[in-house]
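A.B. asks: Attaching a single structure in structure tokens format; questions to follow.
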Amino acid sequence: MSRLSVVTSILLFSAITTVQAGEFYVKHKGDKRQGTPTESEALVYVFRPATMGGGIKTWAFADDQLIGVSKSHGYYYELVPPGEHVIWAKAENTSGLDVELQPGQTYYFKTAIKMGFGKARVKLVQIDEAEAQKYLKKCSYTEPTEEGRLRAAEIAANRLDRAETSAAKKSAKADE
């Protein structure tokens, strides 16, 4: 193989797949892969569609299970067992939602970043399928690296209680 072929192959691979965020995840540029729920599990998507706070990583979890990590214009998904869960996101704060997941169903969420004084705040919002399809067109699939999975386990151990508190407060407000 000629040197030109090797260099061209490397450049092409680099343009398609980029490791980002301290190598916590890989963003597959232009990749629009999609998951399928199973008879025994729900499918949970999380989108990060906006450019605002583009340098801020957001992590998403179902309880202590990592769904994914990304910066702007990324999305990820994960199969999650049915039942009651706290779906939560972490940036420089934690935002959680209490959700009842049904097997065979698909659930969509987005993380929104709001720049604050000295901190970027994340807000997790459940969205409908039509909005999710819009975001799918402008985002690329991301997946965590092994380093990202290890960091996610630390985050879950340290932040799950905050996520549960956030979700409980939102549920209490909704009940009022």
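Note on naming: chains are A, B, ... as they come in the structure tokens, residues start from 1 per chain, ligands start from 1 in the order shown.
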Which of chain A counts as strand (DSSP E or B) under DSSP, as a PyMOL selection string please?
C.D. replies: chain A and resi 17-20+25-28+42-48+58-62+65-70+74-80+83-90+94-101+106-115+120-127+140-144
A.B. asks: Taking 5 positions as the minimum chain separation for residues in the same chain, which residues sit within 7 Å of stretch 85-90 of chain A when counting only C-alpha atoms? Answer as a PyMOL selection string.
C.D. replies: chain A and resi 58-63+95-100+122+124+163-164+167
A.B. asks: Create the file for the chosen residues now, containing N, CA and C atoms and written as a compact mmCIF listing (two decimals), in the first residue's frame.
C.D. replies:
# COMPACT_ATOMS: atom_id res chain seq x y z
N THR A 58 -22.25 16.45 28.66
CA THR A 58 -23.40 16.01 29.44
C THR A 58 -23.39 14.48 29.46
N TRP A 59 -23.67 13.95 30.63
CA TRP A 59 -23.75 12.52 30.86
C TRP A 59 -25.21 12.21 31.16
N ALA A 60 -25.71 11.08 30.70
CA ALA A 60 -27.09 10.68 31.01
C ALA A 60 -27.10 9.26 31.55
N PHE A 61 -28.01 9.04 32.51
CA PHE A 61 -28.11 7.76 33.20
C PHE A 61 -29.57 7.37 33.39
N ALA A 62 -29.81 6.09 33.54
CA ALA A 62 -31.06 5.54 34.07
C ALA A 62 -30.65 4.91 35.39
N ASP A 63 -31.00 5.57 36.48
CA ASP A 63 -30.50 5.19 37.81
C ASP A 63 -28.96 5.23 37.77
N SER A 95 -29.80 17.04 36.80
CA SER A 95 -31.22 17.22 36.52
C SER A 95 -31.84 15.85 36.30
N GLY A 96 -32.88 15.51 37.08
CA GLY A 96 -33.48 14.19 36.99
C GLY A 96 -34.97 14.20 36.81
N LEU A 97 -35.51 13.12 36.26
CA LEU A 97 -36.94 12.93 36.07
C LEU A 97 -37.33 11.53 36.52
N ASP A 98 -38.44 11.41 37.26
CA ASP A 98 -38.99 10.09 37.58
C ASP A 98 -39.79 9.63 36.36
N VAL A 99 -39.51 8.42 35.89
CA VAL A 99 -40.16 7.92 34.69
C VAL A 99 -40.53 6.46 34.90
N GLU A 100 -41.70 6.08 34.42
CA GLU A 100 -42.14 4.68 34.41
C GLU A 100 -41.94 4.17 32.99
N VAL A 122 -27.44 22.11 33.23
CA VAL A 122 -28.12 21.18 32.35
C VAL A 122 -29.56 21.02 32.82
N LEU A 124 -32.79 18.37 31.89
CA LEU A 124 -33.26 17.20 31.15
C LEU A 124 -34.76 17.34 30.94
N ALA A 163 -29.58 13.27 41.74
CA ALA A 163 -30.55 13.05 40.66
C ALA A 163 -31.91 12.66 41.24
N GLU A 164 -31.91 11.78 42.23
CA GLU A 164 -33.16 11.35 42.86
C GLU A 164 -33.84 12.53 43.55
N ALA A 167 -35.35 14.77 40.79
CA ALA A 167 -36.56 14.15 40.24
C ALA A 167 -37.73 14.24 41.21
A.B. asks: Would you pick out the contacts of stretch 104-113 of chain A at 9 Å or less, using only C-alpha atoms, so that residues sharing its chain but fewer than 6 positions from it are not included, and give the list as a PyMOL selection string?
C.D. replies: chain A and resi 36-54+56+58+60+75+82+87+89+91+120-129+131-132
A.B. asks: When DSSP is applied to the backbone of this structure, which of chain A are assigned alpha helix (DSSP H)? Write them out as a PyMOL selection string.
C.D. replies: chain A and resi 3-16+129-138+146-175
A.B. asks: Atom CA of A:His28 and atom CA of A:Asn93, how far apart in Å?
C.D. replies: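 Taking atom CA of A:Asn93 as the start and atom CA of A:His28 as the end point, the length is 26.5 Å.
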A.B. asks: Separation of atom CA of A:Lys29 and atom CA of A:Leu150, in Å?
C.D. replies: 23.6 Å
A.B. asks: Ranking A:Lys71, A:Lys32, A:Lys27, A:Lys173 by minimum distance to A:Lys57 and counting only C-alpha atoms, which one comes first?
C.D. replies: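 Ranking A:Lys71, A:Lys32, A:Lys27, A:Lys173 by distance to A:Lys57, first place goes to A:Lys71.
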A.B. asks: For A:Pro81, which residue out of A:Gly55, A:Pro103, A:Gly35, A:Gly68 is the nearest one, using only C-alpha atoms?
C.D. replies: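 Using only C-alpha atoms, A:Pro81 sits closest to A:Pro103.
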A.B. asks: When you count only C-alpha atoms, which of these residues is closest to A:Leu66: A:Glu23, A:Asp31, A:Asp161, A:Glu146?
C.D. replies: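 The shortest atom-to-atom distance to A:Leu66 comes from A:Glu146.
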A.B. asks: How many Å separate atom CA of A:Ser166 from atom CA of A:Glu92?
C.D. replies: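 Value for the atom CA of A:Ser166-atom CA of A:Glu92 distance: 13.9 Å.
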A.B. asks: Between A:Gln133, A:Thr94, A:Ser140, A:Gln102, which residue has the minimum interatomic distance to A:Leu160, considering only C-alpha atoms?
C.D. replies: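 Nearest candidate to A:Leu160 out of A:Gln133, A:Thr94, A:Ser140, A:Gln102: A:Thr94.
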